[in-house]
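Right, one structure below, let's go through it.
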Amino acid sequence: MNGKIALALSALFARPDIGPWLALAASTLVSLALVLGLYLLARGLRLGGDVRIADADHARRLAEETCTGFDAVDITLDRARIGALVRNAEGRVLLIRRHGARFVGRELTSHAGVRLDRHTLTLETEDRRFGTLTLDLGADAQTWAASLRRLVDPQAGQPA
């Protein structure tokens, strides 16, 4: 039986009117099958996806991972759940943001890079690689903007 199939395929490929089209169709089908296989592998490994901060407890855990010993007492989440502001009892504030499929955080030491626009708060850190982040905090934006004016610079020991 295998010999007959091989003979039939070689006869089809030998025909000048069908051979090139059949080779193109076969290579296209193989490529599609490989792409589908890679998709299923990535899906099985749960790669990619839409990563967001689930809730305040998740933001608290992220703050602890970012800065060991950071005990969050006040948390506000961006409406899209891509960032958060977390404050501890000492008044230190961490900005947590999504970076690819994970989260990173930086401590805000000054209010110099903070801009309020109604319900959004745009924040810059001293680390240029961290970038600028605009958080939609709703009614909390004004409260957080006012509280960030009282940030204490750890090197100077006085409000920044």
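Residues in the structure tokens are named by chain (A, B, ... in the order shown) and by number from 1 within that chain; ligands are numbered from 1 in the order shown.
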Show me, as a PyMOL selection string, the residues that have an atom within 10 Å of Gly83 in chain A when counting only C-alpha atoms, minus same-chain residues fewer than 6 positions from it. chain A and resi 52-53+59+76-77+95-99+103-105+133-137
Writing out the chosen residues with C-alpha atoms as a PDB file, in the first residue's frame:
ATOM      1  CA  ARG A  52      -3.086  42.917  35.761  1.00  0.00           C
ATOM      2  CA  ILE A  53      -3.089  43.622  39.490  1.00  0.00           C
ATOM      3  CA  ALA A  59      -0.633  44.929  45.242  1.00  0.00           C
ATOM      4  CA  THR A  76      -4.806  52.593  45.490  1.00  0.00           C
ATOM      5  CA  LEU A  77      -5.115  50.795  42.171  1.00  0.00           C
ATOM      6  CA  LEU A  95       4.922  52.971  42.539  1.00  0.00           C
ATOM      7  CA  ILE A  96       4.175  49.551  41.058  1.00  0.00           C
ATOM      8  CA  ARG A  97       3.752  49.131  37.323  1.00  0.00           C
ATOM      9  CA  ARG A  98       3.470  46.380  34.774  1.00  0.00           C
ATOM     10  CA  HIS A  99       6.638  45.622  32.837  1.00  0.00           C
ATOM     11  CA  PHE A 103       5.472  43.868  37.800  1.00  0.00           C
ATOM     12  CA  VAL A 104       8.242  46.187  38.946  1.00  0.00           C
ATOM     13  CA  GLY A 105       8.269  48.899  41.560  1.00  0.00           C
ATOM     14  CA  LEU A 133       3.363  56.166  34.254  1.00  0.00           C
ATOM     15  CA  THR A 134      -0.104  57.714  34.158  1.00  0.00           C
ATOM     16  CA  LEU A 135      -2.550  56.170  36.610  1.00  0.00           C
ATOM     17  CA  ASP A 136      -6.305  56.699  36.448  1.00  0.00           C
ATOM     18  CA  LEU A 137      -7.136  56.771  40.164  1.00  0.00           C
TER      19      LEU A 137
END
Within 12 Å of Gly48 in chain A using only C-alpha atoms, minus same-chain residues under 4 positions, as a ChimeraX atom specification: /A:39,41-44,52,100-102
What lies within 10 Å of Ser147 in chain A using only C-alpha atoms, ignoring chain neighbours under 4 positions off, as a CSV table (one decimal) with C-alpha atoms, in the first residue's frame?
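Once everything was written out, this is selection.csv:
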chain,number,residue,atom,x,y,z
A,91,GLY,CA,5.1,57.4,54.8
A,93,VAL,CA,5.4,55.3,48.8
A,111,HIS,CA,6.9,64.9,44.3
A,141,ALA,CA,-6.0,61.0,42.4
A,142,GLN,CA,-6.4,64.4,44.2
A,143,THR,CA,-5.9,62.8,47.7
A,151,LEU,CA,7.2,62.9,50.7
Identify, on the basis of only C-alpha atoms, every residue whose closest approach to Val114 in chain A does not exceed 10 Å; exclude the query and any residue fewer than 6 positions from it along the same chain; express the result as an NGL selection string. :A and (108 or 121-125 or 132-134 or 145 or 148-149)
Would you mind telling me which residue in A:Arg61, A:Arg79, A:Arg46, A:Arg150 lies nearest to Ser110 in chain A when using only C-alpha atoms? A:Arg150
All residues 12 Å or closer to range 69-72 of chain A, only C-alpha atoms, same chain fewer than 4 positions away omitted, as a list in words: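 Listed by chain and then number, they are Ala56, Asp57, His58, Ala59, Arg60, Arg61, Leu62, Ala63, Glu64, Glu65, Thr76, Ala84, Leu85, Val86, Arg87, Asn88, Ala89, Glu90, Gly91, Arg92, Val93, Leu94, Leu95, Gly105 and Glu107 of chain A.
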I need the residues from that last selection saved to file as an mmCIF file, in the first residue's frame (with C-alpha atoms), if you can.
data_model
loop_
_atom_site.group_PDB
_atom_site.id
_atom_site.type_symbol
_atom_site.label_atom_id
_atom_site.label_comp_id
_atom_site.auth_asym_id
_atom_site.auth_seq_id
_atom_site.Cartn_x
_atom_site.Cartn_y
_atom_site.Cartn_z
ATOM 1 C CA ALA A 56 -5.305 45.303 46.982
ATOM 2 C CA ASP A 57 -3.869 42.087 48.457
ATOM 3 C CA HIS A 58 -2.058 41.380 45.203
ATOM 4 C CA ALA A 59 -0.633 44.929 45.242
ATOM 5 C CA ARG A 60 0.449 44.390 48.869
ATOM 6 C CA ARG A 61 2.323 41.192 47.879
ATOM 7 C CA LEU A 62 3.945 42.978 44.924
ATOM 8 C CA ALA A 63 5.121 45.771 47.231
ATOM 9 C CA GLU A 64 6.628 43.203 49.603
ATOM 10 C CA GLU A 65 8.404 41.481 46.686
ATOM 11 C CA THR A 76 -4.806 52.593 45.490
ATOM 12 C CA ALA A 84 -0.678 50.948 41.923
ATOM 13 C CA LEU A 85 0.514 53.328 44.601
ATOM 14 C CA VAL A 86 1.318 51.749 47.963
ATOM 15 C CA ARG A 87 2.186 53.587 51.188
ATOM 16 C CA ASN A 88 3.577 52.135 54.411
ATOM 17 C CA ALA A 89 3.218 53.402 57.987
ATOM 18 C CA GLU A 90 6.477 55.387 57.712
ATOM 19 C CA GLY A 91 5.123 57.405 54.788
ATOM 20 C CA ARG A 92 7.261 55.748 52.092
ATOM 21 C CA VAL A 93 5.445 55.327 48.768
ATOM 22 C CA LEU A 94 6.059 52.654 46.126
ATOM 23 C CA LEU A 95 4.922 52.971 42.539
ATOM 24 C CA GLY A 105 8.269 48.899 41.560
ATOM 25 C CA GLU A 107 10.093 54.142 45.616
#
Residue set, chain A restricted to strand (DSSP E or B), as a PyMOL selection string: chain A and resi 72-77+83-88+93-99+102-108+114-117+120-124+132-136+152-153+158-159
Okay, now the selection with C-alpha atoms, as a PDB file, in the first residue's frame?
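Here's the written file part30.pdb:
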ATOM      1  CA  ALA A  72       1.545  48.451  53.091  1.00  0.00           C
ATOM      2  CA  VAL A  73      -1.154  50.361  54.966  1.00  0.00           C
ATOM      3  CA  ASP A  74      -2.677  52.424  52.128  1.00  0.00           C
ATOM      4  CA  ILE A  75      -3.178  51.136  48.579  1.00  0.00           C
ATOM      5  CA  THR A  76      -4.806  52.593  45.490  1.00  0.00           C
ATOM      6  CA  LEU A  77      -5.115  50.795  42.171  1.00  0.00           C
ATOM      7  CA  GLY A  83      -0.298  50.084  38.257  1.00  0.00           C
ATOM      8  CA  ALA A  84      -0.678  50.948  41.923  1.00  0.00           C
ATOM      9  CA  LEU A  85       0.514  53.328  44.601  1.00  0.00           C
ATOM     10  CA  VAL A  86       1.318  51.749  47.963  1.00  0.00           C
ATOM     11  CA  ARG A  87       2.186  53.587  51.188  1.00  0.00           C
ATOM     12  CA  ASN A  88       3.577  52.135  54.411  1.00  0.00           C
ATOM     13  CA  VAL A  93       5.445  55.327  48.768  1.00  0.00           C
ATOM     14  CA  LEU A  94       6.059  52.654  46.126  1.00  0.00           C
ATOM     15  CA  LEU A  95       4.922  52.971  42.539  1.00  0.00           C
ATOM     16  CA  ILE A  96       4.175  49.551  41.058  1.00  0.00           C
ATOM     17  CA  ARG A  97       3.752  49.131  37.323  1.00  0.00           C
ATOM     18  CA  ARG A  98       3.470  46.380  34.774  1.00  0.00           C
ATOM     19  CA  HIS A  99       6.638  45.622  32.837  1.00  0.00           C
ATOM     20  CA  ARG A 102       5.586  40.920  35.432  1.00  0.00           C
ATOM     21  CA  PHE A 103       5.472  43.868  37.800  1.00  0.00           C
ATOM     22  CA  VAL A 104       8.242  46.187  38.946  1.00  0.00           C
ATOM     23  CA  GLY A 105       8.269  48.899  41.560  1.00  0.00           C
ATOM     24  CA  ARG A 106      10.213  52.009  42.514  1.00  0.00           C
ATOM     25  CA  GLU A 107      10.093  54.142  45.616  1.00  0.00           C
ATOM     26  CA  LEU A 108       8.959  57.702  45.075  1.00  0.00           C
ATOM     27  CA  VAL A 114       4.049  64.187  39.920  1.00  0.00           C
ATOM     28  CA  ARG A 115       1.370  65.846  37.774  1.00  0.00           C
ATOM     29  CA  LEU A 116      -2.340  65.812  38.543  1.00  0.00           C
ATOM     30  CA  ASP A 117      -4.963  66.116  35.816  1.00  0.00           C
ATOM     31  CA  THR A 120      -5.239  60.916  36.528  1.00  0.00           C
ATOM     32  CA  LEU A 121      -1.871  61.134  38.186  1.00  0.00           C
ATOM     33  CA  THR A 122       1.273  61.131  36.026  1.00  0.00           C
ATOM     34  CA  LEU A 123       4.358  59.957  37.908  1.00  0.00           C
ATOM     35  CA  GLU A 124       8.044  60.010  37.044  1.00  0.00           C
ATOM     36  CA  THR A 132       6.648  57.701  33.175  1.00  0.00           C
ATOM     37  CA  LEU A 133       3.363  56.166  34.254  1.00  0.00           C
ATOM     38  CA  THR A 134      -0.104  57.714  34.158  1.00  0.00           C
ATOM     39  CA  LEU A 135      -2.550  56.170  36.610  1.00  0.00           C
ATOM     40  CA  ASP A 136      -6.305  56.699  36.448  1.00  0.00           C
ATOM     41  CA  VAL A 152      10.390  62.817  52.804  1.00  0.00           C
ATOM     42  CA  ASP A 153      13.670  62.520  50.916  1.00  0.00           C
ATOM     43  CA  GLN A 158      13.182  66.523  55.133  1.00  0.00           C
ATOM     44  CA  PRO A 159      10.259  67.018  52.765  1.00  0.00           C
TER      45      PRO A 159
END
Just asking: which residues within range 36-143 of chain A are helix (DSSP H, G or I) according to DSSP, as number ranges by chain? A: 36-44, 56-66, 140-143
Expected file: the selected residues, C-alpha atoms, as a compact mmCIF listing (two decimals), in the first residue's frame:
# COMPACT_ATOMS: atom_id res chain seq x y z
CA LEU A 36 -0.79 25.95 15.49
CA GLY A 37 1.52 23.63 17.44
CA LEU A 38 3.53 26.59 18.80
CA TYR A 39 0.32 28.38 19.76
CA LEU A 40 -0.94 25.33 21.65
CA LEU A 41 2.43 24.94 23.40
CA ALA A 42 2.43 28.60 24.53
CA ARG A 43 -1.18 28.28 25.66
CA GLY A 44 -0.37 25.11 27.59
CA ALA A 56 -5.30 45.30 46.98
CA ASP A 57 -3.87 42.09 48.46
CA HIS A 58 -2.06 41.38 45.20
CA ALA A 59 -0.63 44.93 45.24
CA ARG A 60 0.45 44.39 48.87
CA ARG A 61 2.32 41.19 47.88
CA LEU A 62 3.94 42.98 44.92
CA ALA A 63 5.12 45.77 47.23
CA GLU A 64 6.63 43.20 49.60
CA GLU A 65 8.40 41.48 46.69
CA THR A 66 9.72 44.81 45.40
CA ASP A 140 -8.34 59.15 44.84
CA ALA A 141 -6.03 61.02 42.45
CA GLN A 142 -6.37 64.36 44.24
CA THR A 143 -5.86 62.79 47.67
I'd like the interatomic distance between CA of Ala23 in chain A and CA of Ser10 in chain A, to a tenth of an Å. 11.2 Å
